[in-house]
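J.: Below you'll find the structure I mean.
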Amino acid sequence: MIGPTTAIAIYFVVWWTVLFAVLPLGMNQGPRERQTDGGDWGAPANPNLKKKFITTTWVSAIVWAVIMVIIFTGILPLPALPGGG
């Protein structure tokens, strides 16, 4: 059995992994004009970060729930840590 700290840690790792999968979605390499304000050429004009964070959160919740079901049903048991109770 895993505790709440481990479950939150698993969600945190899943959230960051999903974030890096979601970030490039919706980006295009269309024609760009030279930036005159010192901005980077590779920076997206409209990154939609709020939408991507929301998408990341609900996709992560689904993936985390699947992982928790797999762990709690015993399909993929976590190893016991040394010194654990």
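In the structure tokens, chains take letters A, B, ... by order of appearance, with residues numbered from 1 within each chain and ligands from 1 in the order shown.
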Would you list the contacts of Thr6 of chain A as a ChimeraX atom specification, taking every protein, DNA or RNA residue within 12 Å and counting only C-alpha atoms, but skipping same-chain residues closer than 6 positions in sequence?
T.: /A:12-13,64,68,71,78,81
J.: What parts of chain A does DSSP call alpha helix (DSSP H)? I'd like the answer as a JSON list (two decimals) with all heavy atoms, in the first residue's frame.
T.:
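After the write, out03.json holds the following:
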```
[["chain", "number", "residue", "atom", "x", "y", "z"],
["A", 4, "PRO", "N", -0.26, 8.78, 1.11],
["A", 4, "PRO", "CA", -0.66, 9.98, 0.36],
["A", 4, "PRO", "C", 0.53, 10.76, -0.20],
["A", 4, "PRO", "O", 0.43, 11.34, -1.28],
["A", 4, "PRO", "CB", -1.45, 10.81, 1.37],
["A", 4, "PRO", "CG", -1.15, 10.25, 2.70],
["A", 4, "PRO", "CD", -0.70, 8.84, 2.50],
["A", 5, "THR", "N", 1.64, 10.76, 0.51],
["A", 5, "THR", "CA", 2.83, 11.48, 0.01],
["A", 5, "THR", "C", 3.34, 10.85, -1.28],
["A", 5, "THR", "O", 3.69, 11.55, -2.22],
["A", 5, "THR", "CB", 3.94, 11.48, 1.08],
["A", 5, "THR", "OG1", 3.41, 12.02, 2.29],
["A", 5, "THR", "CG2", 5.11, 12.31, 0.64],
["A", 6, "THR", "N", 3.37, 9.54, -1.32],
["A", 6, "THR", "CA", 3.82, 8.84, -2.53],
["A", 6, "THR", "C", 2.85, 9.08, -3.68],
["A", 6, "THR", "O", 3.27, 9.30, -4.82],
["A", 6, "THR", "CB", 3.96, 7.33, -2.26],
["A", 6, "THR", "OG1", 4.84, 7.14, -1.15],
["A", 6, "THR", "CG2", 4.52, 6.60, -3.47],
["A", 7, "ALA", "N", 1.55, 9.06, -3.40],
["A", 7, "ALA", "CA", 0.55, 9.31, -4.44],
["A", 7, "ALA", "C", 0.69, 10.72, -5.01],
["A", 7, "ALA", "O", 0.61, 10.93, -6.22],
["A", 7, "ALA", "CB", -0.85, 9.09, -3.89],
["A", 8, "ILE", "N", 0.93, 11.70, -4.13],
["A", 8, "ILE", "CA", 1.11, 13.08, -4.60],
["A", 8, "ILE", "C", 2.40, 13.20, -5.40],
["A", 8, "ILE", "O", 2.45, 13.89, -6.43],
["A", 8, "ILE", "CB", 1.12, 14.05, -3.39],
["A", 8, "ILE", "CG1", -0.28, 14.10, -2.79],
["A", 8, "ILE", "CG2", 1.59, 15.44, -3.79],
["A", 8, "ILE", "CD1", -0.36, 14.81, -1.45],
["A", 9, "ALA", "N", 3.46, 12.52, -4.97],
["A", 9, "ALA", "CA", 4.72, 12.55, -5.71],
["A", 9, "ALA", "C", 4.56, 11.93, -7.10],
["A", 9, "ALA", "O", 5.10, 12.46, -8.08],
["A", 9, "ALA", "CB", 5.80, 11.81, -4.92],
["A", 10, "ILE", "N", 3.80, 10.86, -7.19],
["A", 10, "ILE", "CA", 3.55, 10.24, -8.50],
["A", 10, "ILE", "C", 2.77, 11.21, -9.39],
["A", 10, "ILE", "O", 3.08, 11.37, -10.57],
["A", 10, "ILE", "CB", 2.81, 8.89, -8.34],
["A", 10, "ILE", "CG1", 3.74, 7.87, -7.68],
["A", 10, "ILE", "CG2", 2.30, 8.37, -9.68],
["A", 10, "ILE", "CD1", 3.06, 6.58, -7.27],
["A", 11, "TYR", "N", 1.77, 11.89, -8.82],
["A", 11, "TYR", "CA", 1.00, 12.87, -9.61],
["A", 11, "TYR", "C", 1.92, 13.99, -10.08],
["A", 11, "TYR", "O", 1.82, 14.43, -11.23],
["A", 11, "TYR", "CB", -0.16, 13.45, -8.81],
["A", 11, "TYR", "CG", -0.96, 14.44, -9.60],
["A", 11, "TYR", "CD1", -1.90, 14.01, -10.53],
["A", 11, "TYR", "CD2", -0.76, 15.81, -9.46],
["A", 11, "TYR", "CE1", -2.62, 14.91, -11.30],
["A", 11, "TYR", "CE2", -1.48, 16.73, -10.23],
["A", 11, "TYR", "CZ", -2.40, 16.26, -11.13],
["A", 11, "TYR", "OH", -3.10, 17.16, -11.90],
["A", 12, "PHE", "N", 2.80, 14.48, -9.23],
["A", 12, "PHE", "CA", 3.73, 15.55, -9.59],
["A", 12, "PHE", "C", 4.61, 15.14, -10.77],
["A", 12, "PHE", "O", 4.78, 15.90, -11.73],
["A", 12, "PHE", "CB", 4.59, 15.89, -8.37],
["A", 12, "PHE", "CG", 5.56, 17.01, -8.60],
["A", 12, "PHE", "CD1", 5.13, 18.32, -8.68],
["A", 12, "PHE", "CD2", 6.91, 16.75, -8.73],
["A", 12, "PHE", "CE1", 6.02, 19.35, -8.89],
["A", 12, "PHE", "CE2", 7.82, 17.77, -8.94],
["A", 12, "PHE", "CZ", 7.37, 19.08, -9.02],
["A", 13, "VAL", "N", 5.15, 13.94, -10.73],
["A", 13, "VAL", "CA", 6.00, 13.46, -11.83],
["A", 13, "VAL", "C", 5.18, 13.29, -13.10],
["A", 13, "VAL", "O", 5.63, 13.67, -14.19],
["A", 13, "VAL", "CB", 6.69, 12.13, -11.43],
["A", 13, "VAL", "CG1", 7.39, 11.49, -12.62],
["A", 13, "VAL", "CG2", 7.68, 12.37, -10.30],
["A", 14, "VAL", "N", 3.97, 12.75, -12.98],
["A", 14, "VAL", "CA", 3.10, 12.59, -14.15],
["A", 14, "VAL", "C", 2.75, 13.96, -14.73],
["A", 14, "VAL", "O", 2.78, 14.15, -15.95],
["A", 14, "VAL", "CB", 1.82, 11.80, -13.78],
["A", 14, "VAL", "CG1", 0.78, 11.87, -14.89],
["A", 14, "VAL", "CG2", 2.16, 10.36, -13.47],
["A", 15, "TRP", "N", 2.45, 14.94, -13.87],
["A", 15, "TRP", "CA", 2.07, 16.28, -14.34],
["A", 15, "TRP", "C", 3.20, 16.91, -15.15],
["A", 15, "TRP", "O", 2.95, 17.43, -16.24],
["A", 15, "TRP", "CB", 1.71, 17.18, -13.15],
["A", 15, "TRP", "CG", 1.04, 18.44, -13.55],
["A", 15, "TRP", "CD1", -0.29, 18.65, -13.68],
["A", 15, "TRP", "CD2", 1.67, 19.69, -13.90],
["A", 15, "TRP", "NE1", -0.54, 19.95, -14.08],
["A", 15, "TRP", "CE2", 0.65, 20.61, -14.22],
["A", 15, "TRP", "CE3", 2.99, 20.11, -13.97],
["A", 15, "TRP", "CZ2", 0.90, 21.92, -14.62],
["A", 15, "TRP", "CZ3", 3.26, 21.41, -14.36],
["A", 15, "TRP", "CH2", 2.23, 22.30, -14.68],
["A", 16, "TRP", "N", 4.43, 16.83, -14.66],
["A", 16, "TRP", "CA", 5.54, 17.42, -15.40],
["A", 16, "TRP", "C", 5.80, 16.68, -16.71],
["A", 16, "TRP", "O", 6.12, 17.30, -17.74],
["A", 16, "TRP", "CB", 6.81, 17.43, -14.54],
["A", 16, "TRP", "CG", 6.85, 18.62, -13.65],
["A", 16, "TRP", "CD1", 6.55, 18.66, -12.33],
["A", 16, "TRP", "CD2", 7.14, 19.98, -14.04],
["A", 16, "TRP", "NE1", 6.66, 19.94, -11.86],
["A", 16, "TRP", "CE2", 7.02, 20.78, -12.89],
["A", 16, "TRP", "CE3", 7.51, 20.59, -15.23],
["A", 16, "TRP", "CZ2", 7.26, 22.14, -12.90],
["A", 16, "TRP", "CZ3", 7.73, 21.95, -15.24],
["A", 16, "TRP", "CH2", 7.61, 22.71, -14.09],
["A", 17, "THR", "N", 5.67, 15.37, -16.71],
["A", 17, "THR", "CA", 5.88, 14.61, -17.94],
["A", 17, "THR", "C", 4.82, 14.98, -18.98],
["A", 17, "THR", "O", 5.14, 15.20, -20.16],
["A", 17, "THR", "CB", 5.83, 13.10, -17.64],
["A", 17, "THR", "OG1", 6.78, 12.80, -16.62],
["A", 17, "THR", "CG2", 6.12, 12.28, -18.87],
["A", 18, "VAL", "N", 3.57, 15.07, -18.55],
["A", 18, "VAL", "CA", 2.49, 15.43, -19.48],
["A", 18, "VAL", "C", 2.67, 16.87, -19.95],
["A", 18, "VAL", "O", 2.41, 17.18, -21.11],
["A", 18, "VAL", "CB", 1.10, 15.21, -18.82],
["A", 18, "VAL", "CG1", -0.01, 15.78, -19.66],
["A", 18, "VAL", "CG2", 0.88, 13.73, -18.57],
["A", 19, "LEU", "N", 3.13, 17.77, -19.07],
["A", 19, "LEU", "CA", 3.35, 19.16, -19.48],
["A", 19, "LEU", "C", 4.30, 19.24, -20.66],
["A", 19, "LEU", "O", 4.03, 19.94, -21.64],
["A", 19, "LEU", "CB", 3.90, 19.99, -18.32],
["A", 19, "LEU", "CG", 4.30, 21.43, -18.67],
["A", 19, "LEU", "CD1", 3.07, 22.24, -19.06],
["A", 19, "LEU", "CD2", 5.04, 22.08, -17.53],
["A", 20, "PHE", "N", 5.41, 18.50, -20.61],
["A", 20, "PHE", "CA", 6.36, 18.55, -21.71],
["A", 20, "PHE", "C", 5.83, 17.88, -22.97],
["A", 20, "PHE", "O", 6.31, 18.15, -24.08],
["A", 20, "PHE", "CB", 7.70, 17.95, -21.29],
["A", 20, "PHE", "CG", 8.44, 18.84, -20.32],
["A", 20, "PHE", "CD1", 8.74, 18.41, -19.05],
["A", 20, "PHE", "CD2", 8.81, 20.12, -20.69],
["A", 20, "PHE", "CE1", 9.40, 19.23, -18.16],
["A", 20, "PHE", "CE2", 9.47, 20.95, -19.81],
["A", 20, "PHE", "CZ", 9.77, 20.52, -18.54],
["A", 21, "ALA", "N", 4.84, 17.02, -22.84],
["A", 21, "ALA", "CA", 4.19, 16.43, -24.01],
["A", 21, "ALA", "C", 3.17, 17.40, -24.61],
["A", 21, "ALA", "O", 2.96, 17.42, -25.82],
["A", 21, "ALA", "CB", 3.52, 15.11, -23.65],
["A", 22, "VAL", "N", 2.54, 18.23, -23.76],
["A", 22, "VAL", "CA", 1.48, 19.14, -24.21],
["A", 22, "VAL", "C", 2.04, 20.45, -24.75],
["A", 22, "VAL", "O", 1.43, 21.07, -25.64],
["A", 22, "VAL", "CB", 0.47, 19.39, -23.05],
["A", 22, "VAL", "CG1", -0.47, 20.53, -23.36],
["A", 22, "VAL", "CG2", -0.31, 18.13, -22.76],
["A", 49, "LEU", "N", -0.47, 29.36, -22.61],
["A", 49, "LEU", "CA", -0.01, 28.59, -21.45],
["A", 49, "LEU", "C", -1.14, 28.23, -20.49],
["A", 49, "LEU", "O", -1.15, 27.13, -19.94],
["A", 49, "LEU", "CB", 1.08, 29.36, -20.71],
["A", 49, "LEU", "CG", 2.42, 29.41, -21.44],
["A", 49, "LEU", "CD1", 3.43, 30.20, -20.63],
["A", 49, "LEU", "CD2", 2.94, 28.03, -21.73],
["A", 50, "LYS", "N", -2.10, 29.12, -20.29],
["A", 50, "LYS", "CA", -3.20, 28.81, -19.37],
["A", 50, "LYS", "C", -3.98, 27.60, -19.86],
["A", 50, "LYS", "O", -4.27, 26.68, -19.10],
["A", 50, "LYS", "CB", -4.12, 30.02, -19.23],
["A", 50, "LYS", "CG", -5.24, 29.81, -18.24],
["A", 50, "LYS", "CD", -6.09, 31.06, -18.08],
["A", 50, "LYS", "CE", -7.21, 30.86, -17.09],
["A", 50, "LYS", "NZ", -8.03, 32.05, -16.92],
["A", 51, "LYS", "N", -4.28, 27.57, -21.14],
["A", 51, "LYS", "CA", -5.01, 26.45, -21.74],
["A", 51, "LYS", "C", -4.18, 25.16, -21.63],
["A", 51, "LYS", "O", -4.71, 24.09, -21.32],
["A", 51, "LYS", "CB", -5.33, 26.76, -23.20],
["A", 51, "LYS", "CG", -6.07, 25.66, -23.91],
["A", 51, "LYS", "CD", -6.35, 26.05, -25.34],
["A", 51, "LYS", "CE", -7.03, 24.92, -26.09],
["A", 51, "LYS", "NZ", -7.25, 25.24, -27.50],
["A", 52, "LYS", "N", -2.87, 25.27, -21.84],
["A", 52, "LYS", "CA", -2.01, 24.09, -21.78],
["A", 52, "LYS", "C", -1.87, 23.58, -20.35],
["A", 52, "LYS", "O", -1.81, 22.37, -20.13],
["A", 52, "LYS", "CB", -0.65, 24.41, -22.40],
["A", 52, "LYS", "CG", -0.77, 24.57, -23.90],
["A", 52, "LYS", "CD", 0.54, 24.83, -24.56],
["A", 52, "LYS", "CE", 0.30, 25.00, -26.06],
["A", 52, "LYS", "NZ", 1.52, 25.09, -26.80],
["A", 53, "PHE", "N", -1.82, 24.48, -19.36],
["A", 53, "PHE", "CA", -1.75, 24.04, -17.97],
["A", 53, "PHE", "C", -3.04, 23.34, -17.56],
["A", 53, "PHE", "O", -3.00, 22.34, -16.84],
["A", 53, "PHE", "CB", -1.46, 25.21, -17.04],
["A", 53, "PHE", "CG", -0.02, 25.66, -17.05],
["A", 53, "PHE", "CD1", 0.35, 26.76, -16.34],
["A", 53, "PHE", "CD2", 0.96, 24.98, -17.75],
["A", 53, "PHE", "CE1", 1.68, 27.20, -16.33],
["A", 53, "PHE", "CE2", 2.27, 25.40, -17.75],
["A", 53, "PHE", "CZ", 2.63, 26.51, -17.03],
["A", 54, "ILE", "N", -4.17, 23.85, -18.00],
["A", 54, "ILE", "CA", -5.45, 23.21, -17.69],
["A", 54, "ILE", "C", -5.53, 21.84, -18.35],
["A", 54, "ILE", "O", -5.92, 20.85, -17.73],
["A", 54, "ILE", "CB", -6.63, 24.12, -18.12],
["A", 54, "ILE", "CG1", -6.67, 25.36, -17.23],
["A", 54, "ILE", "CG2", -7.95, 23.36, -18.07],
["A", 54, "ILE", "CD1", -7.62, 26.44, -17.71],
["A", 55, "THR", "N", -5.12, 21.76, -19.61],
["A", 55, "THR", "CA", -5.10, 20.48, -20.33],
["A", 55, "THR", "C", -4.16, 19.51, -19.64],
["A", 55, "THR", "O", -4.49, 18.33, -19.45],
["A", 55, "THR", "CB", -4.68, 20.69, -21.80],
["A", 55, "THR", "OG1", -5.58, 21.59, -22.42],
["A", 55, "THR", "CG2", -4.64, 19.38, -22.55],
["A", 56, "THR", "N", -2.99, 20.00, -19.25],
["A", 56, "THR", "CA", -2.02, 19.15, -18.55],
["A", 56, "THR", "C", -2.60, 18.59, -17.26],
["A", 56, "THR", "O", -2.42, 17.41, -16.94],
["A", 56, "THR", "CB", -0.74, 19.96, -18.24],
["A", 56, "THR", "OG1", -0.16, 20.38, -19.48],
["A", 56, "THR", "CG2", 0.26, 19.14, -17.47],
["A", 57, "THR", "N", -3.33, 19.42, -16.53],
["A", 57, "THR", "CA", -3.87, 19.00, -15.24],
["A", 57, "THR", "C", -4.90, 17.89, -15.39],
["A", 57, "THR", "O", -4.84, 16.87, -14.69],
["A", 57, "THR", "CB", -4.48, 20.21, -14.50],
["A", 57, "THR", "OG1", -3.45, 21.19, -14.33],
["A", 57, "THR", "CG2", -5.05, 19.82, -13.16],
["A", 58, "TRP", "N", -5.85, 18.03, -16.34],
["A", 58, "TRP", "CA", -6.87, 16.97, -16.44],
["A", 58, "TRP", "C", -6.32, 15.71, -17.10],
["A", 58, "TRP", "O", -6.70, 14.60, -16.73],
["A", 58, "TRP", "CB", -8.17, 17.45, -17.08],
["A", 58, "TRP", "CG", -8.15, 17.82, -18.53],
["A", 58, "TRP", "CD1", -8.05, 19.06, -19.06],
["A", 58, "TRP", "CD2", -8.30, 16.94, -19.65],
["A", 58, "TRP", "NE1", -8.10, 19.01, -20.43],
["A", 58, "TRP", "CE2", -8.26, 17.72, -20.81],
["A", 58, "TRP", "CE3", -8.46, 15.56, -19.77],
["A", 58, "TRP", "CZ2", -8.35, 17.17, -22.09],
["A", 58, "TRP", "CZ3", -8.56, 15.02, -21.05],
["A", 58, "TRP", "CH2", -8.50, 15.83, -22.17],
["A", 59, "VAL", "N", -5.39, 15.85, -18.06],
["A", 59, "VAL", "CA", -4.79, 14.65, -18.66],
["A", 59, "VAL", "C", -3.95, 13.92, -17.61],
["A", 59, "VAL", "O", -3.99, 12.69, -17.51],
["A", 59, "VAL", "CB", -3.94, 15.02, -19.91],
["A", 59, "VAL", "CG1", -3.13, 13.82, -20.38],
["A", 59, "VAL", "CG2", -4.83, 15.52, -21.03],
["A", 60, "SER", "N", -3.23, 14.69, -16.79],
["A", 60, "SER", "CA", -2.43, 14.09, -15.72],
["A", 60, "SER", "C", -3.31, 13.37, -14.71],
["A", 60, "SER", "O", -2.93, 12.31, -14.21],
["A", 60, "SER", "CB", -1.61, 15.15, -15.00],
["A", 60, "SER", "OG", -0.70, 15.75, -15.88],
["A", 61, "ALA", "N", -4.46, 13.94, -14.39],
["A", 61, "ALA", "CA", -5.37, 13.29, -13.45],
["A", 61, "ALA", "C", -5.84, 11.94, -13.98],
["A", 61, "ALA", "O", -5.92, 10.97, -13.22],
["A", 61, "ALA", "CB", -6.56, 14.20, -13.17],
["A", 62, "ILE", "N", -6.11, 11.86, -15.27],
["A", 62, "ILE", "CA", -6.54, 10.60, -15.88],
["A", 62, "ILE", "C", -5.40, 9.58, -15.85],
["A", 62, "ILE", "O", -5.60, 8.42, -15.45],
["A", 62, "ILE", "CB", -7.06, 10.83, -17.32],
["A", 62, "ILE", "CG1", -8.34, 11.65, -17.29],
["A", 62, "ILE", "CG2", -7.25, 9.50, -18.04],
["A", 62, "ILE", "CD1", -8.79, 12.14, -18.66],
["A", 63, "VAL", "N", -4.20, 10.01, -16.26],
["A", 63, "VAL", "CA", -3.04, 9.10, -16.27],
["A", 63, "VAL", "C", -2.73, 8.65, -14.85],
["A", 63, "VAL", "O", -2.46, 7.47, -14.60],
["A", 63, "VAL", "CB", -1.82, 9.80, -16.92],
["A", 63, "VAL", "CG1", -0.56, 8.96, -16.76],
["A", 63, "VAL", "CG2", -2.09, 10.10, -18.39],
["A", 64, "TRP", "N", -2.78, 9.59, -13.89],
["A", 64, "TRP", "CA", -2.50, 9.26, -12.48],
["A", 64, "TRP", "C", -3.52, 8.25, -11.96],
["A", 64, "TRP", "O", -3.15, 7.32, -11.25],
["A", 64, "TRP", "CB", -2.51, 10.54, -11.66],
["A", 64, "TRP", "CG", -2.31, 10.34, -10.20],
["A", 64, "TRP", "CD1", -1.13, 10.13, -9.56],
["A", 64, "TRP", "CD2", -3.32, 10.32, -9.20],
["A", 64, "TRP", "NE1", -1.35, 9.99, -8.21],
["A", 64, "TRP", "CE2", -2.69, 10.10, -7.96],
["A", 64, "TRP", "CE3", -4.71, 10.47, -9.22],
["A", 64, "TRP", "CZ2", -3.39, 10.03, -6.77],
["A", 64, "TRP", "CZ3", -5.40, 10.40, -8.03],
["A", 64, "TRP", "CH2", -4.75, 10.18, -6.82],
["A", 65, "ALA", "N", -4.79, 8.44, -12.30],
["A", 65, "ALA", "CA", -5.82, 7.50, -11.84],
["A", 65, "ALA", "C", -5.57, 6.10, -12.39],
["A", 65, "ALA", "O", -5.72, 5.10, -11.67],
["A", 65, "ALA", "CB", -7.20, 8.00, -12.27],
["A", 66, "VAL", "N", -5.16, 6.01, -13.64],
["A", 66, "VAL", "CA", -4.85, 4.71, -14.24],
["A", 66, "VAL", "C", -3.66, 4.08, -13.51],
["A", 66, "VAL", "O", -3.67, 2.88, -13.18],
["A", 66, "VAL", "CB", -4.57, 4.85, -15.75],
["A", 66, "VAL", "CG1", -3.98, 3.57, -16.33],
["A", 66, "VAL", "CG2", -5.83, 5.26, -16.49],
["A", 67, "ILE", "N", -2.64, 4.88, -13.22],
["A", 67, "ILE", "CA", -1.47, 4.36, -12.50],
["A", 67, "ILE", "C", -1.88, 3.88, -11.11],
["A", 67, "ILE", "O", -1.44, 2.81, -10.66],
["A", 67, "ILE", "CB", -0.37, 5.44, -12.42],
["A", 67, "ILE", "CG1", 0.23, 5.68, -13.80],
["A", 67, "ILE", "CG2", 0.72, 5.03, -11.43],
["A", 67, "ILE", "CD1", 1.16, 6.86, -13.88],
["A", 68, "MET", "N", -2.72, 4.64, -10.42],
["A", 68, "MET", "CA", -3.16, 4.24, -9.08],
["A", 68, "MET", "C", -3.96, 2.94, -9.12],
["A", 68, "MET", "O", -3.79, 2.07, -8.26],
["A", 68, "MET", "CB", -3.99, 5.34, -8.43],
["A", 68, "MET", "CG", -3.22, 6.58, -8.03],
["A", 68, "MET", "SD", -1.97, 6.26, -6.78],
["A", 68, "MET", "CE", -0.48, 6.37, -7.72],
["A", 69, "VAL", "N", -4.82, 2.78, -10.12],
["A", 69, "VAL", "CA", -5.58, 1.54, -10.26],
["A", 69, "VAL", "C", -4.62, 0.38, -10.48],
["A", 69, "VAL", "O", -4.78, -0.70, -9.89],
["A", 69, "VAL", "CB", -6.61, 1.65, -11.41],
["A", 69, "VAL", "CG1", -7.16, 0.30, -11.80],
["A", 69, "VAL", "CG2", -7.72, 2.61, -11.03],
["A", 70, "ILE", "N", -3.62, 0.58, -11.32],
["A", 70, "ILE", "CA", -2.64, -0.48, -11.60],
["A", 70, "ILE", "C", -1.88, -0.86, -10.33],
["A", 70, "ILE", "O", -1.66, -2.04, -10.05],
["A", 70, "ILE", "CB", -1.68, -0.04, -12.73],
["A", 70, "ILE", "CG1", -2.43, -0.01, -14.06],
["A", 70, "ILE", "CG2", -0.47, -0.96, -12.81],
["A", 70, "ILE", "CD1", -1.64, 0.59, -15.20],
["A", 71, "ILE", "N", -1.51, 0.15, -9.54],
["A", 71, "ILE", "CA", -0.77, -0.13, -8.30],
["A", 71, "ILE", "C", -1.66, -0.81, -7.26],
["A", 71, "ILE", "O", -1.27, -1.81, -6.66],
["A", 71, "ILE", "CB", -0.16, 1.17, -7.74],
["A", 71, "ILE", "CG1", 0.97, 1.66, -8.65],
["A", 71, "ILE", "CG2", 0.37, 0.96, -6.31],
["A", 71, "ILE", "CD1", 1.50, 3.04, -8.29],
["A", 72, "PHE", "N", -2.87, -0.28, -7.05],
["A", 72, "PHE", "CA", -3.74, -0.83, -6.00],
["A", 72, "PHE", "C", -4.32, -2.20, -6.34],
["A", 72, "PHE", "O", -4.66, -2.95, -5.44],
["A", 72, "PHE", "CB", -4.86, 0.15, -5.65],
["A", 72, "PHE", "CG", -4.39, 1.27, -4.77],
["A", 72, "PHE", "CD1", -4.37, 2.57, -5.24],
["A", 72, "PHE", "CD2", -3.96, 1.02, -3.48],
["A", 72, "PHE", "CE1", -3.93, 3.60, -4.43],
["A", 72, "PHE", "CE2", -3.53, 2.04, -2.66],
["A", 72, "PHE", "CZ", -3.50, 3.34, -3.14],
["A", 73, "THR", "N", -4.44, -2.54, -7.62],
["A", 73, "THR", "CA", -4.91, -3.87, -7.99],
["A", 73, "THR", "C", -3.79, -4.91, -7.95],
["A", 73, "THR", "O", -4.05, -6.10, -8.04],
["A", 73, "THR", "CB", -5.56, -3.88, -9.39],
["A", 73, "THR", "OG1", -4.61, -3.41, -10.34],
["A", 73, "THR", "CG2", -6.81, -3.03, -9.41]]
```
J.: Do you have the atom CA of Leu23 of chain A-atom CA of Pro44 of chain A distance handy?
T.: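 Answer for the atom CA of Leu23 of chain A to atom CA of Pro44 of chain A separation: 10.9 Å.
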